[in-house]
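For reference, work_6.cif (mmCIF, C-alpha atoms (C1' of nucleotides)):
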```cif
data_final
loop_
_atom_site.label_atom_id
_atom_site.label_comp_id
_atom_site.auth_asym_id
_atom_site.auth_seq_id
_atom_site.Cartn_x
_atom_site.Cartn_y
_atom_site.Cartn_z
CA MET G 193 -2.43 9.08 -11.27
CA ASP G 194 -5.65 7.90 -9.70
CA VAL G 195 -8.59 10.02 -8.59
CA TYR G 196 -7.69 10.00 -4.89
CA GLU G 197 -4.17 11.21 -5.53
CA ALA G 198 -5.51 13.80 -7.94
CA LEU G 199 -7.79 15.16 -5.22
CA ALA G 200 -5.03 15.11 -2.60
CA ASP G 201 -3.58 18.35 -3.92
CA PRO G 202 -5.29 21.56 -2.70
CA THR G 203 -4.69 23.41 -5.96
CA ARG G 204 -6.41 20.65 -7.88
CA ARG G 205 -9.34 20.67 -5.46
CA GLU G 206 -9.68 24.40 -6.02
CA ILE G 207 -9.74 23.81 -9.77
CA VAL G 208 -12.46 21.22 -9.31
CA THR G 209 -14.48 23.73 -7.30
CA MET G 210 -14.00 26.40 -9.97
CA LEU G 211 -15.22 24.00 -12.62
CA SER G 212 -18.18 22.80 -10.58
CA VAL G 213 -19.74 26.19 -11.32
CA GLY G 214 -19.07 26.00 -15.05
CA GLU G 215 -16.47 25.81 -17.80
CA ARG G 216 -13.30 27.85 -17.61
CA SER G 217 -10.43 28.31 -20.05
CA ALA G 218 -6.94 27.22 -19.01
CA GLY G 219 -5.99 30.88 -18.88
CA GLU G 220 -8.85 31.80 -16.57
CA ILE G 221 -7.94 28.95 -14.29
CA SER G 222 -4.27 29.79 -14.33
CA GLY G 223 -5.04 33.42 -13.56
CA ARG G 224 -6.47 32.53 -10.18
CA PHE G 225 -3.27 31.06 -8.83
CA GLU G 226 0.04 32.58 -7.87
CA MET G 227 2.04 29.79 -9.43
CA ALA G 228 3.46 29.81 -12.96
CA GLY G 229 1.30 28.80 -15.91
CA PRO G 230 3.07 25.53 -16.67
CA SER G 231 2.56 24.41 -13.09
CA VAL G 232 -1.18 24.87 -13.41
CA SER G 233 -1.06 23.16 -16.79
CA ARG G 234 0.52 20.15 -15.12
CA HIS G 235 -2.30 20.08 -12.57
CA LEU G 236 -4.82 20.19 -15.38
CA LYS G 237 -3.07 17.26 -16.99
CA VAL G 238 -3.28 15.23 -13.80
CA LEU G 239 -6.98 16.01 -13.47
CA ARG G 240 -7.53 15.14 -17.13
CA GLU G 241 -5.73 11.82 -16.87
CA SER G 242 -7.60 10.88 -13.72
CA GLY G 243 -10.83 11.48 -15.64
CA LEU G 244 -12.04 14.26 -13.37
CA ILE G 245 -12.09 16.91 -16.08
CA SER G 246 -12.24 17.14 -19.86
CA TYR G 247 -12.03 20.02 -22.31
CA ARG G 248 -13.22 21.39 -25.63
CA ARG G 249 -11.18 23.59 -27.96
CA GLU G 250 -12.24 27.01 -29.10
CA ALA G 251 -9.70 28.87 -31.22
CA THR G 252 -6.42 28.64 -29.32
CA SER G 253 -8.15 28.17 -25.97
CA ARG G 254 -9.10 25.06 -24.09
CA PHE G 255 -12.26 25.21 -22.07
CA TYR G 256 -12.25 22.75 -19.22
CA ARG G 257 -15.27 21.22 -17.59
CA LEU G 258 -15.84 18.94 -14.62
CA GLU G 259 -16.62 15.30 -15.34
CA PRO G 260 -18.87 14.31 -12.39
CA ASP G 261 -18.68 10.54 -12.78
CA ARG G 262 -15.29 10.09 -11.14
CA LEU G 263 -16.26 12.40 -8.32
CA GLU G 264 -19.39 10.35 -7.87
CA GLU G 265 -17.27 7.22 -7.52
CA VAL G 266 -15.30 8.78 -4.73
CA ARG G 267 -18.42 9.89 -2.96
CA GLN G 268 -19.78 6.37 -3.21
CA TRP G 269 -16.67 5.03 -1.56
CA MET G 270 -17.12 7.51 1.28
CA ASP G 271 -20.76 6.52 1.56
CA ALA G 272 -19.88 2.85 1.75
CA GLN G 273 -17.48 3.43 4.63
CA LEU G 274 -19.92 5.67 6.48
CA ASP G 275 -22.81 3.30 5.89
CA ALA G 276 -20.78 0.45 7.36
CA VAL G 277 -20.11 2.50 10.48
CA LYS G 278 -23.74 3.46 10.74
CA ALA G 279 -24.90 -0.13 10.32
CA ARG G 280 -22.61 -1.14 13.15
CA PHE G 281 -24.01 1.53 15.42
CA ASP G 282 -27.53 0.48 14.55
CA ARG G 283 -26.79 -3.12 15.47
CA LEU G 284 -25.25 -1.95 18.72
CA GLY G 285 -28.32 0.14 19.44
CA ALA G 286 -30.63 -2.78 18.75
CA HIS G 287 -28.51 -4.99 20.95
CA LEU G 288 -28.65 -2.52 23.83
CA ASP G 289 -32.42 -2.30 23.38
CA ARG G 290 -32.70 -6.06 23.69
CA MET G 291 -30.56 -6.04 26.81
CA LYS G 292 -32.69 -3.33 28.32
CA ALA G 293 -35.87 -5.25 27.51
CA LEU G 294 -34.48 -8.35 29.21
CA GLU G 295 -33.47 -6.32 32.26
CA GLU G 296 -36.90 -4.84 32.58
CA GLY G 297 -38.44 -8.26 32.21
CA ASP G 298 -36.50 -9.26 35.36
CA ASP G 299 -38.33 -6.75 37.58
CA MET Z 696 -0.88 15.43 6.73
CA ASP Z 697 -4.42 16.38 5.83
CA VAL Z 698 -7.36 14.07 5.29
CA TYR Z 699 -7.22 14.11 1.51
CA GLU Z 700 -3.56 13.18 1.43
CA ALA Z 701 -4.21 10.50 4.03
CA LEU Z 702 -6.86 8.96 1.80
CA ALA Z 703 -4.68 9.17 -1.29
CA ASP Z 704 -2.79 6.03 -0.31
CA PRO Z 705 -4.49 2.72 -1.18
CA THR Z 706 -3.14 0.94 1.89
CA ARG Z 707 -4.64 3.59 4.12
CA ARG Z 708 -7.96 3.38 2.32
CA GLU Z 709 -7.95 -0.37 2.93
CA ILE Z 710 -7.30 0.23 6.60
CA VAL Z 711 -10.23 2.63 6.69
CA THR Z 712 -12.44 -0.03 5.11
CA MET Z 713 -11.27 -2.63 7.62
CA LEU Z 714 -12.11 -0.30 10.47
CA SER Z 715 -15.49 0.68 9.05
CA VAL Z 716 -16.63 -2.81 10.06
CA GLY Z 717 -15.28 -2.55 13.59
CA GLU Z 718 -12.23 -2.14 15.79
CA ARG Z 719 -9.02 -3.96 14.99
CA SER Z 720 -5.71 -4.20 16.81
CA ALA Z 721 -2.58 -2.90 15.12
CA GLY Z 722 -1.42 -6.50 14.81
CA GLU Z 723 -4.61 -7.63 13.09
CA ILE Z 724 -4.36 -4.74 10.66
CA SER Z 725 -0.70 -5.33 10.00
CA GLY Z 726 -1.36 -9.03 9.40
CA ARG Z 727 -3.48 -8.27 6.35
CA PHE Z 728 -0.69 -6.60 4.44
CA GLU Z 729 2.46 -7.92 2.85
CA MET Z 730 4.54 -5.02 4.02
CA ALA Z 731 6.60 -4.90 7.21
CA GLY Z 732 4.99 -4.00 10.53
CA PRO Z 733 6.64 -0.60 10.93
CA SER Z 734 5.39 0.45 7.49
CA VAL Z 735 1.82 -0.25 8.52
CA SER Z 736 2.46 1.50 11.81
CA ARG Z 737 3.50 4.60 9.86
CA HIS Z 738 0.23 4.48 7.91
CA LEU Z 739 -1.68 4.23 11.15
CA LYS Z 740 0.15 7.28 12.42
CA VAL Z 741 -0.80 9.26 9.34
CA LEU Z 742 -4.43 8.24 9.73
CA ARG Z 743 -4.31 9.09 13.43
CA GLU Z 744 -2.83 12.54 12.85
CA SER Z 745 -5.33 13.31 10.12
CA GLY Z 746 -8.08 12.52 12.63
CA LEU Z 747 -9.52 9.65 10.61
CA ILE Z 748 -8.87 7.03 13.29
CA SER Z 749 -8.27 6.80 17.03
CA TYR Z 750 -7.39 3.99 19.38
CA ARG Z 751 -7.81 2.57 22.86
CA ARG Z 752 -5.23 0.54 24.72
CA GLU Z 753 -5.82 -2.93 26.04
CA ALA Z 754 -2.81 -4.63 27.62
CA THR Z 755 0.03 -4.21 25.11
CA SER Z 756 -2.34 -3.87 22.18
CA ARG Z 757 -3.84 -0.84 20.54
CA PHE Z 758 -7.33 -1.21 19.16
CA TYR Z 759 -8.02 1.22 16.37
CA ARG Z 760 -11.41 2.53 15.36
CA LEU Z 761 -12.68 4.73 12.57
CA GLU Z 762 -13.56 8.31 13.43
CA PRO Z 763 -16.41 9.10 11.01
CA ASP Z 764 -16.41 12.90 11.37
CA ARG Z 765 -13.46 13.55 9.11
CA LEU Z 766 -14.77 11.15 6.52
CA GLU Z 767 -18.08 12.98 6.69
CA GLU Z 768 -16.30 16.26 5.96
CA VAL Z 769 -14.78 14.81 2.83
CA ARG Z 770 -18.10 13.48 1.69
CA GLN Z 771 -19.64 16.88 2.22
CA TRP Z 772 -16.99 18.44 0.02
CA MET Z 773 -17.81 15.91 -2.70
CA ASP Z 774 -21.49 16.64 -2.28
CA ALA Z 775 -20.93 20.36 -2.59
CA GLN Z 776 -19.09 19.94 -5.89
CA LEU Z 777 -21.67 17.52 -7.25
CA ASP Z 778 -24.57 19.68 -6.11
CA ALA Z 779 -23.06 22.66 -7.92
CA VAL Z 780 -22.83 20.63 -11.12
CA LYS Z 781 -26.35 19.39 -10.70
CA ALA Z 782 -27.70 22.89 -10.02
CA ARG Z 783 -26.07 24.06 -13.23
CA PHE Z 784 -27.65 21.26 -15.21
CA ASP Z 785 -31.01 22.01 -13.67
CA ARG Z 786 -30.75 25.65 -14.69
CA LEU Z 787 -29.79 24.55 -18.18
CA GLY Z 788 -32.76 22.20 -18.30
CA ALA Z 789 -35.15 24.92 -17.16
CA HIS Z 790 -33.71 27.26 -19.74
CA LEU Z 791 -34.19 24.72 -22.51
CA ASP Z 792 -37.74 24.17 -21.35
CA ARG Z 793 -38.45 27.88 -21.59
CA MET Z 794 -36.96 27.96 -25.09
CA LYS Z 795 -39.10 25.05 -26.12
CA ALA Z 796 -42.23 26.66 -24.70
CA LEU Z 797 -41.53 29.83 -26.66
CA GLU Z 798 -40.95 27.84 -29.86
CA GLU Z 799 -44.23 25.99 -29.46
CA GLY Z 800 -45.98 29.28 -28.81
CA ASP Z 801 -44.85 30.32 -32.32
CA ASP Z 802 -46.88 27.59 -34.05
"C1'" DC J 187 3.37 32.29 -45.28
"C1'" DC J 188 4.33 34.69 -40.94
"C1'" DA J 189 3.53 36.68 -36.64
"C1'" DC J 190 0.78 36.21 -32.55
"C1'" DT J 191 -1.57 34.03 -28.77
"C1'" DA J 192 -2.81 30.17 -25.74
"C1'" DA J 193 -1.43 26.26 -23.77
"C1'" DG J 194 1.43 22.39 -23.05
"C1'" DT J 195 5.97 19.73 -22.83
"C1'" DA J 196 11.02 19.16 -21.48
"C1'" DG J 197 14.20 19.18 -18.21
"C1'" DC J 198 15.90 20.35 -13.70
"C1'" DT J 199 15.83 20.86 -8.44
"C1'" DT J 200 14.01 20.17 -4.07
"C1'" DG J 201 11.43 18.05 -0.66
"C1'" DA J 202 8.34 14.66 0.93
"C1'" DC J 203 6.55 9.78 0.89
"C1'" DG J 204 6.75 4.97 1.48
"C1'" DG J 205 9.33 1.03 2.00
"C1'" DC J 206 12.98 -1.44 4.84
"C1'" DT J 207 15.85 -2.99 9.27
"C1'" DA J 208 17.37 -1.93 13.81
"C1'" DA J 209 16.48 0.11 18.14
"C1'" DT J 210 13.10 1.93 21.65
"C1'" DT J 211 8.97 2.30 24.45
"C1'" DA J 212 5.08 0.53 27.02
"C1'" DT J 213 2.65 -2.95 29.24
"C1'" DT J 214 1.94 -7.46 31.24
"C1'" DA J 215 3.07 -11.49 33.72
"C1'" DA J 216 6.32 -14.64 35.97
"C1'" DT S 37 12.87 -7.07 38.70
"C1'" DT S 38 13.16 -9.21 34.55
"C1'" DA S 39 11.63 -11.44 30.35
"C1'" DA S 40 8.31 -11.36 26.80
"C1'" DT S 41 5.03 -9.25 23.70
"C1'" DA S 42 2.92 -5.46 20.91
"C1'" DA S 43 3.71 -1.57 18.71
"C1'" DT S 44 6.09 2.59 17.58
"C1'" DT S 45 10.11 5.51 16.51
"C1'" DA S 46 14.75 6.32 14.30
"C1'" DG S 47 17.35 6.46 10.49
"C1'" DC S 48 18.41 5.27 5.74
"C1'" DC S 49 17.36 5.01 0.72
"C1'" DG S 50 15.05 5.19 -3.75
"C1'" DT S 51 11.20 7.23 -6.10
"C1'" DC S 52 8.08 10.58 -7.33
"C1'" DA S 53 5.48 14.91 -7.06
"C1'" DA S 54 5.35 19.88 -7.58
"C1'" DG S 55 7.46 23.96 -8.40
"C1'" DC S 56 10.39 26.73 -11.71
"C1'" DT S 57 12.33 28.52 -16.55
"C1'" DA S 58 13.00 27.73 -21.29
"C1'" DC S 59 11.23 25.84 -25.38
"C1'" DT S 60 7.68 23.68 -28.45
"C1'" DT S 61 3.19 22.87 -30.38
"C1'" DA S 62 -1.44 24.18 -32.05
"C1'" DG S 63 -4.44 27.19 -33.93
"C1'" DT S 64 -5.86 32.27 -35.81
"C1'" DG S 65 -5.78 35.86 -38.59
"C1'" DG S 66 -3.26 39.45 -41.29
#
```
As structure tokens - that is how I would like this structure written.
Amino acid sequence: MDVYEALADPTRREIVTMLSVGERSAGEISGRFEMAGPSVSRHLKVLRESGLISYRREATSRFYRLEPDRLEEVRQWMDAQLDAVKARFDRLGAHLDRMKALEEGDD
Amino acid sequence: MDVYEALADPTRREIVTMLSVGERSAGEISGRFEMAGPSVSRHLKVLRESGLISYRREATSRFYRLEPDRLEEVRQWMDAQLDAVKARFDRLGAHLDRMKALEEGDD
DNA sequence: CCACTAAGTAGCTTGACGGCTAATTATTAA
DNA sequence: TTAATAATTAGCCGTCAAGCTACTTAGTGG
């Protein structure tokens, strides 16, 4: 599953937010949701496979952490779209300025 | 359907990119995809209802445009997560610096 | 080795998504 | 008013995602 689909689920976004603050064990994460443990585990798997999180072992626990690179990619995509819009507005603005200058030249 | 789910589909992301450059009619958009017209129309509906795009009528056509506000919201969410990670790293860095300073003081 | 704990996998059910074709709506122009 | 064009909605179908319970795996410590 790709990063965008991974982030489409609200539970997974919450997990990302939890991990943005610092590492958490699977149990700690699971504890914050109403749903059954295996359901959360599945979400963790999706996030893992999309590259958004990774983990380290410690005894029988797994401590998950956020992997910012993939998140950065998504933000860059957003930026690209927003920059394109902005560039278009800027060109429009410049165009209107030119029109206005011409108009005033006619006085 | 919410914005994150709307952006989870690659076709819809392509549409967003197309519209980031400027308005396009439903027909122009549809023409760029292999899939049948009604399928694209469905995607446009999802994007409309999520608030990512809007349209104006002109004769029998609908010209769609990107609505940057929702996209901005998503970017802000990404930023918040990434900022939290960064803040954590900064604190870690400062901590390590303090440790190092103490160590050097021991010489 | 055996029992215990933490977490994940298997397997199932339900509901939603995304594709299609056919039918409908809205608008223009003759 | 009627025909034509652009686009959407209706309805159907296969696939897949997300939840559950039951079971398995991995690792610890007595």
Neighbour list for region 195-211 of chain J as a ChimeraX atom specification, cut-off 12 Å, all atoms listed in the file, skip fewer than 6 positions in-chain: /G:230-231,233-234,237 /Z:696,700-701,703-707,729-738,741,755 /S:42-61
Keeping C-alpha atoms (C1' of nucleotides) for every residue in the selection just given, could you write it to a file as a PDB file, keeping the file's coordinate frame?
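In the end it all went to again10.pdb:
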```pdb
ATOM      1  CA  PRO G 230       3.070  25.530 -16.670  1.00  0.00           C
ATOM      2  CA  SER G 231       2.560  24.410 -13.090  1.00  0.00           C
ATOM      3  CA  SER G 233      -1.060  23.160 -16.790  1.00  0.00           C
ATOM      4  CA  ARG G 234       0.520  20.150 -15.120  1.00  0.00           C
ATOM      5  CA  LYS G 237      -3.070  17.260 -16.990  1.00  0.00           C
TER       6      LYS G 237
ATOM      7  CA  MET Z 696      -0.880  15.430   6.730  1.00  0.00           C
ATOM      8  CA  GLU Z 700      -3.560  13.180   1.430  1.00  0.00           C
ATOM      9  CA  ALA Z 701      -4.210  10.500   4.030  1.00  0.00           C
ATOM     10  CA  ALA Z 703      -4.680   9.170  -1.290  1.00  0.00           C
ATOM     11  CA  ASP Z 704      -2.790   6.030  -0.310  1.00  0.00           C
ATOM     12  CA  PRO Z 705      -4.490   2.720  -1.180  1.00  0.00           C
ATOM     13  CA  THR Z 706      -3.140   0.940   1.890  1.00  0.00           C
ATOM     14  CA  ARG Z 707      -4.640   3.590   4.120  1.00  0.00           C
ATOM     15  CA  GLU Z 729       2.460  -7.920   2.850  1.00  0.00           C
ATOM     16  CA  MET Z 730       4.540  -5.020   4.020  1.00  0.00           C
ATOM     17  CA  ALA Z 731       6.600  -4.900   7.210  1.00  0.00           C
ATOM     18  CA  GLY Z 732       4.990  -4.000  10.530  1.00  0.00           C
ATOM     19  CA  PRO Z 733       6.640  -0.600  10.930  1.00  0.00           C
ATOM     20  CA  SER Z 734       5.390   0.450   7.490  1.00  0.00           C
ATOM     21  CA  VAL Z 735       1.820  -0.250   8.520  1.00  0.00           C
ATOM     22  CA  SER Z 736       2.460   1.500  11.810  1.00  0.00           C
ATOM     23  CA  ARG Z 737       3.500   4.600   9.860  1.00  0.00           C
ATOM     24  CA  HIS Z 738       0.230   4.480   7.910  1.00  0.00           C
ATOM     25  CA  VAL Z 741      -0.800   9.260   9.340  1.00  0.00           C
ATOM     26  CA  THR Z 755       0.030  -4.210  25.110  1.00  0.00           C
TER      27      THR Z 755
ATOM     28  C1'  DA S  42       2.920  -5.460  20.910  1.00  0.00           C
ATOM     29  C1'  DA S  43       3.710  -1.570  18.710  1.00  0.00           C
ATOM     30  C1'  DT S  44       6.090   2.590  17.580  1.00  0.00           C
ATOM     31  C1'  DT S  45      10.110   5.510  16.510  1.00  0.00           C
ATOM     32  C1'  DA S  46      14.750   6.320  14.300  1.00  0.00           C
ATOM     33  C1'  DG S  47      17.350   6.460  10.490  1.00  0.00           C
ATOM     34  C1'  DC S  48      18.410   5.270   5.740  1.00  0.00           C
ATOM     35  C1'  DC S  49      17.360   5.010   0.720  1.00  0.00           C
ATOM     36  C1'  DG S  50      15.050   5.190  -3.750  1.00  0.00           C
ATOM     37  C1'  DT S  51      11.200   7.230  -6.100  1.00  0.00           C
ATOM     38  C1'  DC S  52       8.080  10.580  -7.330  1.00  0.00           C
ATOM     39  C1'  DA S  53       5.480  14.910  -7.060  1.00  0.00           C
ATOM     40  C1'  DA S  54       5.350  19.880  -7.580  1.00  0.00           C
ATOM     41  C1'  DG S  55       7.460  23.960  -8.400  1.00  0.00           C
ATOM     42  C1'  DC S  56      10.390  26.730 -11.710  1.00  0.00           C
ATOM     43  C1'  DT S  57      12.330  28.520 -16.550  1.00  0.00           C
ATOM     44  C1'  DA S  58      13.000  27.730 -21.290  1.00  0.00           C
ATOM     45  C1'  DC S  59      11.230  25.840 -25.380  1.00  0.00           C
ATOM     46  C1'  DT S  60       7.680  23.680 -28.450  1.00  0.00           C
ATOM     47  C1'  DT S  61       3.190  22.870 -30.380  1.00  0.00           C
TER      48       DT S  61
END
```
Evaluate the PyMOL selection byres ((chain Z) within 9 of (chain G)) and record the selected residues as an MDAnalysis selection string, following the chain and residue labels used in the document. chainID Z and resid 697:705 711:712 714:717 761 763 766:767 769:771 773:783
Between CA of Leu284 (chain G) and CA of Glu753 (chain Z), what is the spacing in Å?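 That distance, rounded to one decimal, is 20.8 Å.
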Rounded to one decimal, what separation in Å do you get between C1' of DT213 (chain J) and CA of Tyr750 (chain Z)?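 Between these atoms lies a distance of 15.7 Å.
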If you apply the PyMOL selection byres ((chain S and resi 63) around 8) to this file, what residues do you get, as a ChimeraX atom specification? /G:251-252 /S:62,64
Within 8 Å of chain G, which residues of chain J are there when counting all atoms listed in the file? Please give them as a list in words.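 My answer is DT191, DA192, DA193 and DG194 of chain J.
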Emit the selected residues as an mmCIF file, in the coordinates of the input, including C-alpha atoms (C1' of nucleotides).
```cif
data_model
loop_
_atom_site.group_PDB
_atom_site.id
_atom_site.type_symbol
_atom_site.label_atom_id
_atom_site.label_comp_id
_atom_site.auth_asym_id
_atom_site.auth_seq_id
_atom_site.Cartn_x
_atom_site.Cartn_y
_atom_site.Cartn_z
ATOM 1 C "C1'" DT J 191 -1.570 34.030 -28.770
ATOM 2 C "C1'" DA J 192 -2.810 30.170 -25.740
ATOM 3 C "C1'" DA J 193 -1.430 26.260 -23.770
ATOM 4 C "C1'" DG J 194 1.430 22.390 -23.050
#
```
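Between CA of Gly726 (chain Z) and C1' of DT41 (chain S) lies a distance of 15.7 Å.
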Find, counting only C-alpha atoms (C1' of nucleotides), the residue in Z:Arg786, Z:Arg765, Z:Arg793, Z:Arg752 that gets nearest to chain S. Z:Arg752
Would you place a box with edges along x, y and z of the file around all atoms of region 45-60 of chain S listed there, add 3 Å to each of its six sides, and report the centre and edge lengths in Å to one decimal, as AutoDock Vina command-line options?
```
--center_x 11.9 --center_y 16.8 --center_z -6.0 --size_x 19.1 --size_y 29.5 --size_z 51.0
```
